[in-house]
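Colleague: One structure is given below, represented as structure tokens, and several questions about it will come after.
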Amino acid sequence: MIKSLKNLVKFGFFSFLVFVFLSSPKLIIDSVNYSMDVFIDNLLPTLFPFFVLVDFLLNYGYVDFLRGIFRFKYGYIILLSLVSGLPSNAKYIKGFLDRSMISIHDAEIMLSVTFFPNPMFVISSVGLLMMGSLKLGVMALVSVYVSNFLVYLFYYKKLSASSHVFNNDVLSFSKLLSSSIKNNASTLLVILGTIMFFMTLLNVFSHFVSLNDELFSILSGVFEMTSGIKNMSTSTFSTHVKYIFISLFLSFSGLSVLMQAFSILNDYKLNVKFVLLNKLFVMFLNFLINYFYVVFFM
């Protein structure tokens with residue numbers, strides 16, 4: 001009975017999507033074009049160079065050098081994720097899983113606490129351009145760092161000693177460059193496709209369900225972080241409320257980014273529920289930090 005009901009719901013949902021695609025082609029085309037703009041303007045210029053760079057760092061043992069400097073467990077994953085921004089953390093963790101440098105258990109923990117937005121995007125685009133305040137951009141970035149680091153400390157004793165070593169041969173420069181471009185191009189296509197899917201789903205939903213600007217801003221932030229932040233910055237909420245919501249969007253990363261990460265790590269059976277629960281934990285700490293900041297310093 002339950003299985004039949006599930007099949008009926010699936011059939012109804014996909015029938016509805018077929019109807020929308022046939023009856024509202026402009027809505028679909030606009031959603032895809034907007035997704036392409038978000039990808040090309042905000043993600044491709046920052047992700048692709050770092051993806052290729054990290055492949056070189058892993059291949060030539062740079063991570064072993066970092067291990068000697070950053071003594072805390074998997075500090076190099078945190079460092080690389082901080083510099084390049086999400087969803088690059090999943091790409092790095094996959095590289096370590098491919099080389100048996102990290103266990104599945106540790107990968108789940110590190111994935112949970114390394115969804116860091118690109119720092120230049122937060123400070124410049126979010127802070128200065130969208131909120132008109134460099135201070136708010138810096139504080140939003142710091143709150144994301146601190147909330148993730150607190151959850152990292154909570155699990156610290158459960159992480160292994162991080163003493164894994166590389167078990168692969170060093171590739172030549174030309175072979176590594178060719179392999180890196182091909183593999184990362186495939187990864188970026190998955191990211192682009194995921195963004196298109198969620199943005200189209202959100203636009204279809206908002207097309208058939210009447211939403212005010214505030215509710216649409218919140219919903220778009222849950223689905224896709226960048227568009228959610230843009231919509232929230234132009235909403236009628238007060239500056240305090242805008243700041244808290246934008247900080248939460250940055251902390252949550254959006255369903256689109258989370259799906260991108262899980263797609264990148266699709267070859268490994270990670271506990272999705274565990275990662276999502278930890279993301280909620282991070283969001284709760286982020287909210288407490290920013291609520292305290294708004295009450296006492298804004």
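Naming works like this for the structure tokens: A, B, ... for the chains as they're shown, residue 1 at the start of each chain, ligands 1 onward in shown order.
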I need the residues in segment 89-146 of chain A that are alpha helix (DSSP H) according to DSSP; give them as a ChimeraX atom specification.

Modeller: /A:89-98,104-112,119-120,134-146

Colleague: Okay, now the selection with N, CA and C atoms, as an mmCIF file, in the first residue's frame?

Modeller:
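Output file part_2.cif follows:
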data_model
loop_
_atom_site.group_PDB
_atom_site.id
_atom_site.type_symbol
_atom_site.label_atom_id
_atom_site.label_comp_id
_atom_site.auth_asym_id
_atom_site.auth_seq_id
_atom_site.Cartn_x
_atom_site.Cartn_y
_atom_site.Cartn_z
ATOM 1 N N ASN A 89 35.454 21.721 -0.766
ATOM 2 C CA ASN A 89 35.800 20.791 0.317
ATOM 3 C C ASN A 89 35.500 19.353 -0.077
ATOM 4 N N ALA A 90 34.400 19.123 -0.778
ATOM 5 C CA ALA A 90 34.054 17.772 -1.213
ATOM 6 C C ALA A 90 35.082 17.248 -2.218
ATOM 7 N N LYS A 91 35.566 18.122 -3.086
ATOM 8 C CA LYS A 91 36.569 17.726 -4.073
ATOM 9 C C LYS A 91 37.860 17.311 -3.372
ATOM 10 N N TYR A 92 38.272 18.072 -2.363
ATOM 11 C CA TYR A 92 39.503 17.748 -1.656
ATOM 12 C C TYR A 92 39.355 16.452 -0.868
ATOM 13 N N ILE A 93 38.217 16.315 -0.190
ATOM 14 C CA ILE A 93 37.980 15.105 0.598
ATOM 15 C C ILE A 93 37.941 13.880 -0.309
ATOM 16 N N LYS A 94 37.369 14.014 -1.490
ATOM 17 C CA LYS A 94 37.358 12.901 -2.443
ATOM 18 C C LYS A 94 38.779 12.534 -2.847
ATOM 19 N N GLY A 95 39.626 13.543 -3.036
ATOM 20 C CA GLY A 95 41.020 13.272 -3.370
ATOM 21 C C GLY A 95 41.715 12.480 -2.279
ATOM 22 N N PHE A 96 41.411 12.798 -1.028
ATOM 23 C CA PHE A 96 42.012 12.075 0.095
ATOM 24 C C PHE A 96 41.424 10.671 0.238
ATOM 25 N N LEU A 97 40.125 10.530 -0.052
ATOM 26 C CA LEU A 97 39.501 9.208 -0.028
ATOM 27 C C LEU A 97 40.067 8.323 -1.150
ATOM 28 N N ASP A 98 40.251 8.905 -2.321
ATOM 29 C CA ASP A 98 40.807 8.151 -3.444
ATOM 30 C C ASP A 98 42.203 7.631 -3.126
ATOM 31 N N ILE A 104 36.144 6.881 5.988
ATOM 32 C CA ILE A 104 34.787 7.347 5.701
ATOM 33 C C ILE A 104 34.233 8.125 6.891
ATOM 34 N N HIS A 105 34.458 7.618 8.098
ATOM 35 C CA HIS A 105 33.968 8.289 9.313
ATOM 36 C C HIS A 105 34.536 9.695 9.434
ATOM 37 N N ASP A 106 35.859 9.806 9.235
ATOM 38 C CA ASP A 106 36.492 11.119 9.326
ATOM 39 C C ASP A 106 36.054 12.031 8.181
ATOM 40 N N ALA A 107 35.838 11.443 7.011
ATOM 41 C CA ALA A 107 35.388 12.231 5.853
ATOM 42 C C ALA A 107 34.024 12.857 6.124
ATOM 43 N N GLU A 108 33.137 12.103 6.782
ATOM 44 C CA GLU A 108 31.810 12.627 7.115
ATOM 45 C C GLU A 108 31.914 13.823 8.061
ATOM 46 N N ILE A 109 32.790 13.717 9.042
ATOM 47 C CA ILE A 109 32.971 14.815 9.999
ATOM 48 C C ILE A 109 33.575 16.030 9.307
ATOM 49 N N MET A 110 34.639 15.812 8.533
ATOM 50 C CA MET A 110 35.311 16.932 7.886
ATOM 51 C C MET A 110 34.425 17.587 6.831
ATOM 52 N N LEU A 111 33.615 16.789 6.148
ATOM 53 C CA LEU A 111 32.678 17.382 5.187
ATOM 54 C C LEU A 111 31.675 18.277 5.897
ATOM 55 N N SER A 112 31.258 17.879 7.091
ATOM 56 C CA SER A 112 30.255 18.634 7.848
ATOM 57 C C SER A 112 30.749 20.018 8.259
ATOM 58 N N PRO A 119 35.908 33.580 0.567
ATOM 59 C CA PRO A 119 36.050 34.789 1.400
ATOM 60 C C PRO A 119 35.882 36.094 0.641
ATOM 61 N N MET A 120 36.378 36.151 -0.605
ATOM 62 C CA MET A 120 36.235 37.377 -1.381
ATOM 63 C C MET A 120 34.769 37.616 -1.756
ATOM 64 N N LEU A 134 31.386 46.755 4.786
ATOM 65 C CA LEU A 134 32.520 45.842 4.869
ATOM 66 C C LEU A 134 32.531 45.112 6.215
ATOM 67 N N LYS A 135 32.143 45.818 7.260
ATOM 68 C CA LYS A 135 32.126 45.254 8.608
ATOM 69 C C LYS A 135 31.176 44.059 8.696
ATOM 70 N N LEU A 136 29.989 44.193 8.117
ATOM 71 C CA LEU A 136 29.018 43.097 8.162
ATOM 72 C C LEU A 136 29.511 41.903 7.350
ATOM 73 N N GLY A 137 30.176 42.174 6.226
ATOM 74 C CA GLY A 137 30.721 41.088 5.419
ATOM 75 C C GLY A 137 31.781 40.303 6.175
ATOM 76 N N VAL A 138 32.675 41.026 6.848
ATOM 77 C CA VAL A 138 33.734 40.372 7.628
ATOM 78 C C VAL A 138 33.136 39.584 8.781
ATOM 79 N N MET A 139 32.149 40.176 9.469
ATOM 80 C CA MET A 139 31.541 39.499 10.615
ATOM 81 C C MET A 139 30.787 38.251 10.172
ATOM 82 N N ALA A 140 30.098 38.319 9.039
ATOM 83 C CA ALA A 140 29.373 37.149 8.525
ATOM 84 C C ALA A 140 30.350 36.019 8.220
ATOM 85 N N LEU A 141 31.498 36.364 7.642
ATOM 86 C CA LEU A 141 32.513 35.360 7.322
ATOM 87 C C LEU A 141 33.099 34.755 8.591
ATOM 88 N N VAL A 142 33.413 35.609 9.565
ATOM 89 C CA VAL A 142 33.983 35.131 10.830
ATOM 90 C C VAL A 142 33.012 34.210 11.559
ATOM 91 N N SER A 143 31.723 34.545 11.543
ATOM 92 C CA SER A 143 30.731 33.727 12.242
ATOM 93 C C SER A 143 30.622 32.336 11.619
ATOM 94 N N VAL A 144 30.770 32.251 10.291
ATOM 95 C CA VAL A 144 30.763 30.946 9.620
ATOM 96 C C VAL A 144 31.989 30.141 10.038
ATOM 97 N N TYR A 145 33.148 30.787 10.059
ATOM 98 C CA TYR A 145 34.376 30.105 10.470
ATOM 99 C C TYR A 145 34.270 29.588 11.902
ATOM 100 N N VAL A 146 33.826 30.447 12.799
ATOM 101 C CA VAL A 146 33.791 30.090 14.226
ATOM 102 C C VAL A 146 32.792 28.961 14.485
#

Colleague: Which polymer residues have any atom within 8 Å of an atom of segment 218-220 of chain A, counting only C-alpha atoms, with same-chain residues fewer than 3 positions away left out, as a PyMOL selection string?

Modeller: chain A and resi 202+214-215+223-225+227-228+231-232+245

Colleague: Would you mind exporting all heavy atoms of the selected residues as an mmCIF file, in the first residue's frame?

Modeller:
data_model
loop_
_atom_site.group_PDB
_atom_site.id
_atom_site.type_symbol
_atom_site.label_atom_id
_atom_site.label_comp_id
_atom_site.auth_asym_id
_atom_site.auth_seq_id
_atom_site.Cartn_x
_atom_site.Cartn_y
_atom_site.Cartn_z
ATOM 1 N N LEU A 202 12.825 25.768 -7.936
ATOM 2 C CA LEU A 202 12.375 26.913 -7.143
ATOM 3 C C LEU A 202 11.500 27.845 -7.973
ATOM 4 O O LEU A 202 10.438 28.300 -7.504
ATOM 5 C CB LEU A 202 13.584 27.674 -6.607
ATOM 6 C CG LEU A 202 13.289 28.980 -5.865
ATOM 7 C CD1 LEU A 202 12.463 28.710 -4.608
ATOM 8 C CD2 LEU A 202 14.587 29.689 -5.491
ATOM 9 N N GLU A 214 9.553 38.448 0.880
ATOM 10 C CA GLU A 214 10.294 37.974 2.044
ATOM 11 C C GLU A 214 10.357 36.445 2.087
ATOM 12 O O GLU A 214 11.425 35.852 2.298
ATOM 13 C CB GLU A 214 9.661 38.496 3.342
ATOM 14 C CG GLU A 214 9.827 39.986 3.580
ATOM 15 C CD GLU A 214 8.913 40.815 2.689
ATOM 16 O OE1 GLU A 214 7.938 40.243 2.140
ATOM 17 O OE2 GLU A 214 9.179 42.026 2.529
ATOM 18 N N LEU A 215 9.209 35.816 1.877
ATOM 19 C CA LEU A 215 9.163 34.355 1.912
ATOM 20 C C LEU A 215 9.948 33.765 0.750
ATOM 21 O O LEU A 215 10.640 32.741 0.898
ATOM 22 C CB LEU A 215 7.713 33.874 1.869
ATOM 23 C CG LEU A 215 7.478 32.364 2.079
ATOM 24 C CD1 LEU A 215 8.089 31.909 3.394
ATOM 25 C CD2 LEU A 215 5.987 32.048 2.044
ATOM 26 N N PHE A 223 17.242 26.854 -1.042
ATOM 27 C CA PHE A 223 17.526 26.089 -2.258
ATOM 28 C C PHE A 223 18.917 26.409 -2.812
ATOM 29 O O PHE A 223 19.689 25.496 -3.098
ATOM 30 C CB PHE A 223 16.471 26.397 -3.328
ATOM 31 C CG PHE A 223 15.239 25.555 -3.219
ATOM 32 C CD1 PHE A 223 14.247 25.872 -2.307
ATOM 33 C CD2 PHE A 223 15.068 24.434 -4.010
ATOM 34 C CE1 PHE A 223 13.098 25.097 -2.190
ATOM 35 C CE2 PHE A 223 13.937 23.648 -3.909
ATOM 36 C CZ PHE A 223 12.944 23.978 -2.991
ATOM 37 N N GLU A 224 19.226 27.690 -2.992
ATOM 38 C CA GLU A 224 20.487 28.080 -3.628
ATOM 39 C C GLU A 224 21.030 29.317 -2.939
ATOM 40 O O GLU A 224 20.402 30.370 -2.945
ATOM 41 C CB GLU A 224 20.256 28.344 -5.118
ATOM 42 C CG GLU A 224 21.473 28.121 -5.994
ATOM 43 C CD GLU A 224 22.496 29.236 -5.875
ATOM 44 O OE1 GLU A 224 22.099 30.409 -5.921
ATOM 45 O OE2 GLU A 224 23.703 28.929 -5.734
ATOM 46 N N MET A 225 22.207 29.202 -2.345
ATOM 47 C CA MET A 225 22.737 30.220 -1.453
ATOM 48 C C MET A 225 22.924 31.581 -2.124
ATOM 49 O O MET A 225 22.482 32.609 -1.597
ATOM 50 C CB MET A 225 24.083 29.748 -0.885
ATOM 51 C CG MET A 225 24.709 30.707 0.105
ATOM 52 S SD MET A 225 26.402 30.227 0.534
ATOM 53 C CE MET A 225 27.276 30.637 -0.987
ATOM 54 N N SER A 227 21.714 33.047 -4.942
ATOM 55 C CA SER A 227 20.486 33.759 -5.317
ATOM 56 C C SER A 227 19.686 34.147 -4.080
ATOM 57 O O SER A 227 19.045 35.204 -4.052
ATOM 58 C CB SER A 227 19.630 32.887 -6.240
ATOM 59 O OG SER A 227 19.252 31.680 -5.600
ATOM 60 N N GLY A 228 19.720 33.312 -3.042
ATOM 61 C CA GLY A 228 19.017 33.634 -1.805
ATOM 62 C C GLY A 228 19.572 34.881 -1.147
ATOM 63 O O GLY A 228 18.822 35.733 -0.649
ATOM 64 N N ASN A 231 18.497 37.944 -3.203
ATOM 65 C CA ASN A 231 17.088 38.285 -2.958
ATOM 66 C C ASN A 231 16.887 38.860 -1.560
ATOM 67 O O ASN A 231 16.105 39.796 -1.368
ATOM 68 C CB ASN A 231 16.218 37.040 -3.141
ATOM 69 C CG ASN A 231 16.157 36.565 -4.576
ATOM 70 O OD1 ASN A 231 16.212 37.372 -5.501
ATOM 71 N ND2 ASN A 231 16.070 35.258 -4.777
ATOM 72 N N MET A 232 17.580 38.298 -0.572
ATOM 73 C CA MET A 232 17.440 38.786 0.797
ATOM 74 C C MET A 232 17.965 40.212 0.934
ATOM 75 O O MET A 232 17.395 41.040 1.662
ATOM 76 C CB MET A 232 18.183 37.848 1.760
ATOM 77 C CG MET A 232 18.095 38.238 3.232
ATOM 78 S SD MET A 232 16.401 38.357 3.867
ATOM 79 C CE MET A 232 15.861 36.652 3.695
ATOM 80 N N PHE A 245 19.751 36.393 8.435
ATOM 81 C CA PHE A 245 19.344 35.424 7.414
ATOM 82 C C PHE A 245 20.500 35.138 6.445
ATOM 83 O O PHE A 245 20.750 33.984 6.086
ATOM 84 C CB PHE A 245 18.125 35.915 6.649
ATOM 85 C CG PHE A 245 16.821 35.478 7.237
ATOM 86 C CD1 PHE A 245 15.916 36.411 7.733
ATOM 87 C CD2 PHE A 245 16.487 34.135 7.302
ATOM 88 C CE1 PHE A 245 14.703 36.009 8.284
ATOM 89 C CE2 PHE A 245 15.281 33.722 7.854
ATOM 90 C CZ PHE A 245 14.387 34.661 8.348
#

Colleague: Name the closest residue to Tyr156 of chain A among the candidates A:Phe72, A:Phe51, A:Leu201, A:Ser180; distances are taken between atoms, counting only C-alpha atoms.

Modeller: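 The answer is A:Phe72, which sits nearest to Tyr156 of chain A.
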
Colleague: Compare A:Pro25, A:Gly75, A:Gly85, A:Pro45 by their minimum atom-to-atom distance to Phe149 of chain A, counting only C-alpha atoms, and give me the closest one.

Modeller: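 Result for the nearest residue to Phe149 of chain A: A:Gly75.
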
Colleague: Can you list, as a short mmCIF file (atom, residue, chain, number, x, y, z; two decimals) with C-alpha atoms, in the first residue's frame, every protein, DNA or RNA residue that comes within 8 Å of segment 255-259 of chain A when you count only C-alpha atoms, leaving out same-chain residues fewer than 3 positions away?

Modeller:
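Printed below is selection-v5.cif as written:
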data_model
loop_
_atom_site.label_atom_id
_atom_site.label_comp_id
_atom_site.auth_asym_id
_atom_site.auth_seq_id
_atom_site.Cartn_x
_atom_site.Cartn_y
_atom_site.Cartn_z
CA LEU A 86 32.52 25.68 -1.27
CA PRO A 87 31.90 23.09 -2.62
CA ILE A 191 27.84 21.43 -10.11
CA THR A 194 22.73 20.73 -9.82
CA ILE A 195 22.35 24.51 -9.75
CA PHE A 198 17.34 23.53 -7.96
CA VAL A 222 17.37 27.32 1.34
CA PHE A 223 17.53 26.09 -2.26
CA GLU A 224 20.49 28.08 -3.63
CA MET A 225 22.74 30.22 -1.45
CA PHE A 262 27.23 14.59 -2.30
CA SER A 263 27.38 14.22 -6.09
#

Colleague: With only C-alpha atoms as the basis for distance, which of A:Ile264, A:Val151, A:Ile246, A:Leu43 is at the shortest distance from Ser186 of chain A?

Modeller: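 Going through A:Ile264, A:Val151, A:Ile246, A:Leu43 one by one, the smallest distance to Ser186 of chain A is for A:Ile264.
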